[in-house]
$ cat model-v7.txt   # compact mmCIF, C-alpha atoms
# COMPACT_ATOMS: atom_id res chain seq x y z
CA MET S 1 0.00 0.00 0.00
CA THR S 2 1.40 3.40 -0.96
CA MET S 3 -0.12 6.13 1.17
CA ASP S 4 -0.60 9.73 0.24
CA LYS S 5 0.77 12.49 2.47
CA SER S 6 -2.57 13.13 4.18
CA ALA S 7 -2.92 9.46 5.20
CA GLN S 8 0.68 9.45 6.46
CA GLN S 9 0.01 12.62 8.45
CA GLU S 10 -3.16 11.16 9.95
CA LEU S 11 -1.22 8.10 11.10
CA LEU S 12 1.55 10.28 12.56
CA ASP S 13 -1.03 12.45 14.36
CA THR S 14 -2.74 9.31 15.71
CA ALA S 15 0.57 7.87 16.95
CA TRP S 16 1.49 11.07 18.78
CA ALA S 17 -2.05 11.44 20.17
CA SER S 18 -1.93 7.87 21.49
CA ILE S 19 1.36 8.55 23.29
CA HIS S 20 0.00 11.77 24.84
CA PHE S 21 -3.24 9.98 25.79
CA GLY S 22 -1.21 7.13 27.30
CA LEU S 23 0.74 9.47 29.55
CA HIS S 24 -2.47 10.42 31.35
CA GLN S 25 -4.86 7.51 30.78
CA HIS S 26 -2.34 4.61 30.88
CA LYS S 27 -3.80 3.00 27.76
CA SER S 28 -3.73 3.56 24.01
CA LEU S 29 -5.94 6.08 22.28
CA PRO S 30 -9.26 4.52 21.30
CA VAL S 31 -9.89 5.08 17.60
CA THR S 32 -13.04 4.38 15.65
CA SER S 33 -13.33 3.01 12.15
CA ALA S 34 -15.36 6.04 11.08
CA LYS S 35 -12.30 8.29 11.50
CA ALA S 36 -10.60 7.54 8.17
CA GLY S 37 -11.71 5.49 5.14
CA ALA S 38 -8.46 4.13 3.65
CA LEU S 39 -6.92 3.62 7.07
CA ASN S 40 -9.75 1.28 8.07
CA GLN S 41 -8.25 -1.56 6.04
CA SER S 42 -6.34 -4.22 7.93
CA GLY S 43 -2.72 -3.29 8.32
CA ALA S 44 0.40 -4.10 10.28
CA SER S 45 2.80 -1.46 11.56
CA PHE S 46 5.84 -0.90 13.72
CA ILE S 47 6.42 2.31 15.65
CA THR S 48 10.04 3.24 16.34
CA LEU S 49 10.87 5.91 18.90
CA GLN S 50 14.32 7.47 19.06
CA LYS S 51 15.74 9.91 21.58
CA HIS S 52 18.91 11.73 20.51
CA HIS S 53 19.28 9.25 17.61
CA GLN S 54 19.23 6.27 20.03
CA LEU S 55 16.47 3.67 20.14
CA ARG S 56 13.92 4.52 22.86
CA GLY S 57 11.20 2.00 21.98
CA CYS S 58 10.00 -0.13 19.10
CA MET S 59 6.89 -2.28 19.02
CA GLY S 60 4.68 -3.55 16.27
CA SER S 61 2.61 -6.17 14.53
CA LEU S 62 3.90 -8.59 11.90
CA GLU S 63 0.46 -9.64 10.66
CA ALA S 64 -2.54 -7.46 9.89
CA TYR S 65 -5.47 -8.29 12.19
CA ARG S 66 -7.11 -4.91 12.84
CA SER S 67 -7.41 -1.58 11.05
CA LEU S 68 -4.13 0.18 10.31
CA LEU S 69 -5.31 3.18 12.34
CA GLU S 70 -5.97 0.98 15.40
CA ASP S 71 -2.66 -0.83 14.89
CA VAL S 72 -0.71 2.44 14.82
CA ALA S 73 -2.48 3.80 17.92
CA ASP S 74 -1.83 0.65 19.95
CA ASN S 75 1.75 0.17 18.75
CA ALA S 76 2.64 3.81 19.46
CA TYR S 77 1.41 3.37 23.02
CA SER S 78 3.29 0.06 23.31
CA ALA S 79 6.54 1.53 21.97
CA ALA S 80 6.34 4.34 24.53
CA PHE S 81 5.17 2.40 27.57
CA ARG S 82 5.45 -1.38 27.06
CA ASP S 83 8.80 -2.05 25.37
CA PRO S 84 10.46 -4.31 27.96
CA ARG S 85 13.92 -2.96 27.07
CA PHE S 86 13.08 0.52 28.41
CA ALA S 87 11.37 2.21 31.32
CA PRO S 88 7.98 3.73 30.44
CA LEU S 89 8.25 7.08 28.68
CA THR S 90 7.95 10.23 30.79
CA ALA S 91 6.35 13.55 29.86
CA ALA S 92 9.78 15.22 30.09
CA GLU S 93 11.02 13.07 27.19
CA LEU S 94 8.27 13.95 24.70
CA ASP S 95 9.98 16.92 23.07
CA GLN S 96 13.18 14.87 22.61
CA LEU S 97 11.51 12.07 20.63
CA ASP S 98 11.57 11.25 16.96
CA LEU S 99 8.82 8.88 15.80
CA GLN S 100 8.88 6.70 12.69
CA ILE S 101 6.02 4.58 11.38
CA SER S 102 6.73 1.51 9.26
CA VAL S 103 3.73 0.00 7.47
CA LEU S 104 4.49 -3.62 6.61
CA SER S 105 3.64 -5.62 3.54
CA LYS S 106 2.37 -9.14 4.14
CA PRO S 107 5.30 -11.41 5.11
CA VAL S 108 6.04 -13.96 2.36
CA PRO S 109 7.78 -17.29 3.06
CA MET S 110 11.18 -17.64 1.39
CA GLN S 111 12.38 -20.84 -0.28
CA PHE S 112 16.04 -21.82 0.20
CA VAL S 113 18.11 -24.99 0.39
CA ASP S 114 20.54 -23.90 3.11
CA GLU S 115 21.81 -20.82 4.91
CA VAL S 116 24.21 -19.86 2.10
CA ASP S 117 21.32 -19.92 -0.38
CA LEU S 118 19.24 -17.78 2.01
CA LEU S 119 22.04 -15.24 2.50
CA ASN S 120 22.43 -14.91 -1.28
CA GLN S 121 18.72 -14.12 -1.64
CA LEU S 122 18.57 -11.36 0.98
CA GLN S 123 18.22 -7.80 -0.27
CA PRO S 124 20.09 -5.46 2.10
CA GLY S 125 18.20 -2.27 2.81
CA LEU S 126 14.93 -3.64 1.41
CA ASP S 127 14.05 -6.82 3.28
CA GLY S 128 12.54 -7.05 6.69
CA ILE S 129 12.98 -10.62 7.91
CA VAL S 130 11.04 -12.87 10.26
CA PHE S 131 13.18 -15.74 11.59
CA GLU S 132 11.49 -18.81 13.08
CA SER S 133 12.88 -22.09 14.38
CA GLY S 134 10.76 -24.13 16.76
CA GLU S 135 9.49 -21.74 19.40
CA HIS S 136 12.23 -19.18 18.67
CA ARG S 137 11.11 -16.13 16.67
CA SER S 138 12.48 -12.69 15.90
CA THR S 139 12.29 -9.95 13.30
CA PHE S 140 14.32 -7.03 12.04
CA LEU S 141 12.83 -4.16 10.07
CA PRO S 142 14.65 -3.18 6.86
CA GLN S 143 16.03 -0.14 8.71
CA VAL S 144 18.33 -2.47 10.70
CA TRP S 145 20.43 -2.91 7.53
CA GLU S 146 21.77 0.61 8.25
CA ARG S 147 23.88 -0.82 11.08
CA LEU S 148 24.12 -4.52 10.12
CA THR S 149 25.18 -4.10 6.52
CA THR S 150 25.94 -7.65 5.38
CA PRO S 151 23.50 -10.55 5.12
CA ARG S 152 25.72 -12.66 7.40
CA GLN S 153 25.78 -9.97 10.16
CA PHE S 154 22.05 -9.36 9.78
CA MET S 155 21.12 -13.04 10.16
CA ALA S 156 23.60 -13.67 12.99
CA GLN S 157 22.08 -10.86 15.06
CA LEU S 158 18.55 -11.94 14.15
CA LYS S 159 19.28 -15.45 15.45
CA GLN S 160 20.72 -14.02 18.66
CA LYS S 161 17.65 -11.83 19.08
CA ALA S 162 15.60 -15.05 18.89
CA GLY S 163 17.67 -16.50 21.75
CA LEU S 164 19.90 -18.73 19.62
CA SER S 165 23.61 -18.68 18.83
CA ALA S 166 24.83 -16.58 15.90
CA ASP S 167 25.92 -19.70 14.02
CA TYR S 168 22.70 -21.65 14.65
CA TRP S 169 21.16 -23.47 11.69
CA ALA S 170 18.66 -26.31 11.49
CA PRO S 171 16.38 -27.85 8.85
CA GLN S 172 13.30 -26.40 10.59
CA VAL S 173 14.42 -22.76 10.10
CA ARG S 174 11.65 -20.76 8.42
CA ILE S 175 12.18 -17.29 6.99
CA LYS S 176 9.61 -14.75 5.82
CA ARG S 177 10.42 -11.55 3.96
CA TYR S 178 8.46 -8.28 4.05
CA HIS S 179 8.96 -4.70 2.94
CA VAL S 180 7.89 -1.47 4.60
CA GLU S 181 6.68 1.97 3.73
CA LYS S 182 8.25 4.22 6.34
CA PHE S 183 7.73 7.86 7.23
CA ARG S 184 8.30 10.23 10.11

$ encode --input "model-v7.txt" --output "structure tokens"
Amino acid sequence: MTMDKSAQQELLDTAWASIHFGLHQHKSLPVTSAKAGALNQSGASFITLQKHHQLRGCMGSLEAYRSLLEDVADNAYSAAFRDPRFAPLTAAELDQLDLQISVLSKPVPMQFVDEVDLLNQLQPGLDGIVFESGEHRSTFLPQVWERLTTPRQFMAQLKQKAGLSADYWAPQVRIKRYHVEKFR
């Protein structure tokens, strides 16, 4: 889905409103489907918060199961107040935040014969990846390629994020690829 500037702005406004609402109400902003036509379609998003160019929170949905507007509102609240890597956001931090929305395409399973084949298929800078093996699961947005620039680095860190060793490989490894439309 390619969104026009007004739809992007409405999502950004909703994300910020949900964070402000969450500071006082301790829950995400309730949104109704009547608020915006195109944004009522099912959609999956990630909200990334940065403070002084450092990650401050990132939460999202890999699969679309509610309207994009609802997904953005809930994920913005979650990035600010529920990311287990950070303390809940404070009002004093608001003016120091940068917020980015990533709207995800549907994840598509990749076909590969081994890890070398997989690494050769990855598209640095474009692919977001979902890694699964047994009960281990993790994802990196395409933006992570900015700091993990080679497919080998990217996959090693993704495996570690899933709680496995960097050199882990098994026949049951499943990989899905997705792309994002991002804006701030």

$ closest_residue --input "model-v7.txt" --among "S:Gln111, S:Asn120, S:Gln100, S:Gln41" --to "Arg66 of chain S" --atoms "all atoms listed in the file"
S:Gln41

$ residues_around --input "model-v7.txt" --residues "Ala91 of chain S" --least-positions-apart "3" --cutoff "10 Å" --atoms "only C-alpha atoms" --output "ChimeraX atom specification"
/S:19-20,23-24,88,94-95

$ residues_around --input "model-v7.txt" --residues "Asp4 of chain S" --least-positions-apart "6" --cutoff "12 Å" --atoms "only C-alpha atoms" --output "ChimeraX atom specification"
/S:10-11,38-39,181,183

$ write_last_selection --input "model-v7.txt" --atoms "C-alpha atoms" --output "short mmCIF file (atom, residue, chain, number, x, y, z; two decimals), in the frame of the given file"
data_model
loop_
_atom_site.label_atom_id
_atom_site.label_comp_id
_atom_site.auth_asym_id
_atom_site.auth_seq_id
_atom_site.Cartn_x
_atom_site.Cartn_y
_atom_site.Cartn_z
CA GLU S 10 -3.16 11.16 9.95
CA LEU S 11 -1.22 8.10 11.10
CA ALA S 38 -8.46 4.13 3.65
CA LEU S 39 -6.92 3.62 7.07
CA GLU S 181 6.68 1.97 3.73
CA PHE S 183 7.73 7.86 7.23
#

$ residues_around --input "model-v7.txt" --residues "Pro171 of chain S" --least-positions-apart "3" --cutoff "10 Å" --atoms "all atoms listed in the file" --output "list in words"
Val113, Asp114, Glu115, Ser133 and Arg174 of chain S

$ closest_residue --input "model-v7.txt" --among "S:Ala64, S:Val116, S:Leu12, S:Ile175" --to "Asp98 of chain S" --atoms "only C-alpha atoms"
S:Leu12

$ residues_near_point --input "model-v7.txt" --point "(13.9, -10.3, 22.0)" --cutoff "9 Å" --atoms "all atoms listed in the file" --output "list in words"
Arg85, Arg137, Ser138, Thr139, Gln160, Lys161, Ala162 and Gly163 of chain S

$ residues_near_point --input "model-v7.txt" --point "(26.8, -12.9, 16.0)" --cutoff "6 Å" --atoms "all atoms listed in the file" --output "list in words"
Ala156, Gln157 and Ala166 of chain S

$ closest_residue --input "model-v7.txt" --among "S:Val72, S:Met59, S:Ile129, S:Leu29" --to "Pro84 of chain S" --atoms "all atoms listed in the file"
S:Met59

$ residues_around --input "model-v7.txt" --residues "Gln172 of chain S" --least-positions-apart "3" --cutoff "9 Å" --atoms "only C-alpha atoms" --output "list in words"
Glu132, Ser133, Gly134 and Trp169 of chain S

$ closest_residue --input "model-v7.txt" --among "S:Leu97, S:Tyr77, S:Gly125, S:Leu141" --to "Gln25 of chain S" --atoms "all atoms listed in the file"
S:Tyr77

$ build_atoms --input "model-v7.txt" --residues "segment 129-151 of chain S" --atoms "N, CA and C atoms" --output "PDB file, keeping the file's coordinate frame"
ATOM      1  N   ILE S 129      12.928  -9.163   7.823  1.00  0.00           N
ATOM      2  CA  ILE S 129      12.980 -10.620   7.910  1.00  0.00           C
ATOM      3  C   ILE S 129      12.354 -11.096   9.218  1.00  0.00           C
ATOM      4  N   VAL S 130      11.553 -12.148   9.103  1.00  0.00           N
ATOM      5  CA  VAL S 130      11.040 -12.870  10.260  1.00  0.00           C
ATOM      6  C   VAL S 130      11.771 -14.206  10.288  1.00  0.00           C
ATOM      7  N   PHE S 131      12.446 -14.485  11.389  1.00  0.00           N
ATOM      8  CA  PHE S 131      13.180 -15.740  11.590  1.00  0.00           C
ATOM      9  C   PHE S 131      12.376 -16.593  12.551  1.00  0.00           C
ATOM     10  N   GLU S 132      12.182 -17.882  12.206  1.00  0.00           N
ATOM     11  CA  GLU S 132      11.490 -18.810  13.080  1.00  0.00           C
ATOM     12  C   GLU S 132      12.198 -20.157  13.070  1.00  0.00           C
ATOM     13  N   SER S 133      12.366 -20.734  14.248  1.00  0.00           N
ATOM     14  CA  SER S 133      12.880 -22.090  14.380  1.00  0.00           C
ATOM     15  C   SER S 133      12.318 -22.649  15.685  1.00  0.00           C
ATOM     16  N   GLY S 134      11.426 -23.617  15.564  1.00  0.00           N
ATOM     17  CA  GLY S 134      10.760 -24.130  16.760  1.00  0.00           C
ATOM     18  C   GLY S 134       9.975 -23.018  17.416  1.00  0.00           C
ATOM     19  N   GLU S 135      10.198 -22.816  18.698  1.00  0.00           N
ATOM     20  CA  GLU S 135       9.490 -21.740  19.400  1.00  0.00           C
ATOM     21  C   GLU S 135      10.270 -20.433  19.421  1.00  0.00           C
ATOM     22  N   HIS S 136      11.402 -20.387  18.745  1.00  0.00           N
ATOM     23  CA  HIS S 136      12.230 -19.180  18.670  1.00  0.00           C
ATOM     24  C   HIS S 136      11.772 -18.331  17.476  1.00  0.00           C
ATOM     25  N   ARG S 137      11.578 -17.026  17.724  1.00  0.00           N
ATOM     26  CA  ARG S 137      11.110 -16.130  16.670  1.00  0.00           C
ATOM     27  C   ARG S 137      11.664 -14.736  16.900  1.00  0.00           C
ATOM     28  N   SER S 138      12.029 -14.081  15.814  1.00  0.00           N
ATOM     29  CA  SER S 138      12.480 -12.690  15.900  1.00  0.00           C
ATOM     30  C   SER S 138      12.291 -12.018  14.554  1.00  0.00           C
ATOM     31  N   THR S 139      12.382 -10.706  14.555  1.00  0.00           N
ATOM     32  CA  THR S 139      12.290  -9.950  13.300  1.00  0.00           C
ATOM     33  C   THR S 139      13.193  -8.737  13.373  1.00  0.00           C
ATOM     34  N   PHE S 140      13.644  -8.316  12.220  1.00  0.00           N
ATOM     35  CA  PHE S 140      14.320  -7.030  12.040  1.00  0.00           C
ATOM     36  C   PHE S 140      13.624  -6.298  10.906  1.00  0.00           C
ATOM     37  N   LEU S 141      13.332  -5.033  11.133  1.00  0.00           N
ATOM     38  CA  LEU S 141      12.830  -4.160  10.070  1.00  0.00           C
ATOM     39  C   LEU S 141      13.946  -3.900   9.067  1.00  0.00           C
ATOM     40  N   PRO S 142      13.612  -3.502   7.842  1.00  0.00           N
ATOM     41  CA  PRO S 142      14.650  -3.180   6.860  1.00  0.00           C
ATOM     42  C   PRO S 142      15.623  -2.096   7.332  1.00  0.00           C
ATOM     43  N   GLN S 143      15.186  -1.222   8.219  1.00  0.00           N
ATOM     44  CA  GLN S 143      16.030  -0.140   8.710  1.00  0.00           C
ATOM     45  C   GLN S 143      17.266  -0.677   9.454  1.00  0.00           C
ATOM     46  N   VAL S 144      17.206  -1.899   9.954  1.00  0.00           N
ATOM     47  CA  VAL S 144      18.330  -2.470  10.700  1.00  0.00           C
ATOM     48  C   VAL S 144      19.544  -2.682   9.787  1.00  0.00           C
ATOM     49  N   TRP S 145      19.312  -2.778   8.473  1.00  0.00           N
ATOM     50  CA  TRP S 145      20.430  -2.910   7.530  1.00  0.00           C
ATOM     51  C   TRP S 145      21.370  -1.702   7.613  1.00  0.00           C
ATOM     52  N   GLU S 146      20.910  -0.575   8.129  1.00  0.00           N
ATOM     53  CA  GLU S 146      21.770   0.610   8.250  1.00  0.00           C
ATOM     54  C   GLU S 146      22.943   0.360   9.181  1.00  0.00           C
ATOM     55  N   ARG S 147      22.770  -0.533  10.173  1.00  0.00           N
ATOM     56  CA  ARG S 147      23.880  -0.820  11.080  1.00  0.00           C
ATOM     57  C   ARG S 147      24.426  -2.237  10.953  1.00  0.00           C
ATOM     58  N   LEU S 148      23.653  -3.145  10.394  1.00  0.00           N
ATOM     59  CA  LEU S 148      24.120  -4.520  10.120  1.00  0.00           C
ATOM     60  C   LEU S 148      24.100  -4.673   8.600  1.00  0.00           C
ATOM     61  N   THR S 149      25.191  -4.334   7.961  1.00  0.00           N
ATOM     62  CA  THR S 149      25.180  -4.100   6.520  1.00  0.00           C
ATOM     63  C   THR S 149      25.363  -5.329   5.637  1.00  0.00           C
ATOM     64  N   THR S 150      25.774  -6.456   6.205  1.00  0.00           N
ATOM     65  CA  THR S 150      25.940  -7.650   5.380  1.00  0.00           C
ATOM     66  C   THR S 150      24.885  -8.687   5.754  1.00  0.00           C
ATOM     67  N   PRO S 151      24.470  -9.511   4.798  1.00  0.00           N
ATOM     68  CA  PRO S 151      23.500 -10.550   5.120  1.00  0.00           C
ATOM     69  C   PRO S 151      23.952 -11.451   6.274  1.00  0.00           C
TER      70      PRO S 151
END
